[in-house]
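*Asks:* Structure incoming, see below.
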Amino acid sequence: TPLYSSAASDVYKRQLDEVTALVEWPVALIGSFSKDFLEVPEEALISAMQSHQRYFHLVDSTGALIPKFITVANIESTTPQSVVRGNERVIAPRLADARFFFEQDKKTSLSSKLKRLEQVVFQSSLGTYAEKASRISSLAASIATTIGADPKITAKAGLLCKVDLVTDMVSEFPDLQGIMGGYYADYDSEDKGVATAITEHYLPTQSGGDLPKTLEGQCVAIADKLDTLTGLFGIGQPPTGSKDPYALRRQTLGIVRTCIENALPLRLSDIVSMANKAHNKDFGSAPVIAYMIDRMENWYHEDGIPSDCFNAIRKSNSPIDDMAEAHQRLTALQDFRGQTECQSIVASNKRIANILKKVDSKEVEEVDTSLFIDDQEHVLFEALGNLAVALSKTDSAKDKLFLLGQLQAPIDAYFKAVMVMADDSAVRNNRLALLYSLQQLFIGVADISQLVPAK
C-alpha cells in the first residue's frame with residue numbers, strides 16, 4: 001500500500017508463501033468487488049481480503065487500490081466463473097463490515113474517545129492506555145523541542161496515538177493500529193502533522209522496516225517505545241532469552257534506528273531519564289541504557305561491523321550517549337581501520353595500554369619537562385600539545401582520527417629511543433605520565449587498543 005510500501009511488500013510475500021503451501025494445483029482467478037467500497041481506507045479492505053480469504057489485492061500504476069483481487073484455487077474448475085462468483089459473494093460481507101465499522105467510528109471524534117482508554121489496561125503495574133498516552137504526549141513534546149519538531153503538534157499526536165485501540169475497526173482488524181488513528185484524525189480535521197504522526201508512530205513494525213519520515217512522527221514513535229522499555233525494565237520485567245511479550249528487542253532497535261538514520265541529536269541519558277520520570281516511580285536509567293547499547297552492538301554486528309570496532313567506541317572516554325554522534329565515530333573508525341597507518345597505531349596503543357595497565361590513573365601527575373632526558377621525549381610532548389589544540393578545533397571524528405594517525409612517527413621514535421620503566425622513579429613516573437596523556441588523547445575518540453590487528 002502507499003503508506004507502507006516495504007511492509008506491504010513483505011506481507012504480500014508471506015501471503016504468497018502461505019498460499020503456495022496450501023495448494024497443490026494452483027489456479028489463479030481474478031474477481032472483483034463494488035467500487036463503492038473504495039470509500040473505505042484501502043488498508044482496511046486489504047486486511048479484510050488477506051486475513052479472511054487470503055486474496056491478493058491489486059493496484060494501478062500509481063499504487064492505488066482497484067476493485068479487483070486474485071484468488072488461488074486448488075483445482076482447475078470446468079466453470080471458473082462460478083468459482084469467481086462464489087469468492088465475490090464471500091468477500092462482499094467482509095468488506096461491508098469494514099465499511100460499517102468505518103462509518104460507526106466516524107460518528108465520534110478521536111478526542112471524544114480518549115476517556116475510553118481509561119478502561120483499557122496497558123500493563124497492570126504501569127496503568128491504563130490513557131496514562132500511557134499522557135506519558136507519551138509529555139515525553140514526545142520534550143523530544144520535539146530538542147530536535148526542532150513542533151511540540152504542540154507532537155503533544156496532540158502523542159495524546160491521541162492510542163485512541164484507535166477502542167475503535168470498532170481496530171477491534172476487528174488489530175493490524176490497523178495507528179493507521180486508522182491517522183485516518184480518523186484527518187477526518188476530524190486535526191492538523192495534518194497530527195494525523196501523520198499518529199500513522200507513523202508504530203514504525204518500524206518489523207526488522208528493517210520503514211521508519212517515521214516526519215519529525216513529529218519520530219518524536220511520538222521514540223516516546224511510545226521508550227515509555228514501554230523504561231516501564232518494563234523499571235518493574236523488573238526486561239526481555240529474557242525466551243520471553244519478550246512486548247517486543248522490546250524490536251522496539252529498542254526502532255529507537256536506535258530512528259535516532260541514527262535520521263541523525264537526531266538526542267542523548268540516551270536525557271531521554272531515558274525523562275521517560276523514567278514520566279512514570280512517577282524510582283526507575284533507574286543505567287540498565288535501560290546498557291540494554292539499548294547492547295542492541296546497538298547487535299544491530300551493527302548483523303550489518304557486518306565487528307564487535308571490536310564497536311567496543312573501541314563503547315570503551316572510549318566519550319561514552320555512547322548521542323547515538324547519531326557515536327555512529328559517526330564508528331563509521332570514521334571503520335574507514336580509518338582500512339588505512340595503512342592504522343595497524344601501527346593499534347600496536348602502539350596496545351603497548352601503551354599494557355604499560356599503563358598496572359598504573360593507577362589517580363597517581364599520575366602532570367608531565368614535568370625538566371625531567372626529560374632524551375630529545376624524543378621533548379618531540380613527543382610537543383607533538384601532543386599541538387595535537388590537543390588541533391583536536392579541539394574540529395568536531396569531525398574522521399578528522400580527529402586522521403590527526404591521531406600523524407602521531408605514529410613520533411611515537412615510534414619515542415619507543416625506539418626511550419626506556420619507559422627507568423630505574424629512577426621520578427623519570428619513570430614522568431614518562432608514564434606522558435604515555436597517560438597520549439592515551440587520553442586517543443580514547444577521547446576511540447579506544448584504539450580494542451581493535452584486533454589484521455592477520
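Chain lettering (A, B, ...) mirrors the order of the C-alpha cells, residue numbering begins at 1 for each chain separately, and ligand numbering begins at 1 in order of display.
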Find the residues near Pro212 in chain A: any atom within 7 Å, counting only C-alpha atoms, skip ones fewer than 5 places away on the same chain, and give them as a list in words.
*Replies:*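 Counting only C-alpha atoms, the residues come to Glu200, His201, Leu203, Gly217 and Gln218 of chain A.
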*Asks:* Would you pick out the contacts of Lys162 in chain A at 10 Å or less, using only C-alpha atoms, so that residues sharing its chain but fewer than 4 positions from it are not included, and give the list as a PyMOL selection string?
*Replies:* chain A and resi 110+114+117+129-130+132-133+136+157-158+166+177-178+181+198+201+224
*Asks:* So how many Å separate CA of Ser109 in chain A and CA of Thr128 in chain A, to one decimal?
*Replies:*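 Between CA of Ser109 in chain A and CA of Thr128 in chain A the gap is 20.1 Å.
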*Asks:* With distances taken over only C-alpha atoms, which of A:Tyr291, A:Phe415, A:Phe122, A:Phe101 is nearest to Asp374 in chain A?
*Replies:* A:Phe415
*Asks:* Compile the contact shell of Tyr436 in chain A as number ranges by chain: residues with an atom at most 9 Å away, counting only C-alpha atoms, same-chain residues fewer than 5 positions apart removed.
*Replies:* A: 352-353, 356, 361, 364, 431, 441
*Asks:* Of the candidates A:Lys13, A:Arg351, A:Arg135, A:Arg85, which shows the shortest atom-to-atom distance to His279 in chain A, using only C-alpha atoms?
*Replies:*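 Counting only C-alpha atoms, the residue closest to His279 in chain A is A:Arg135.
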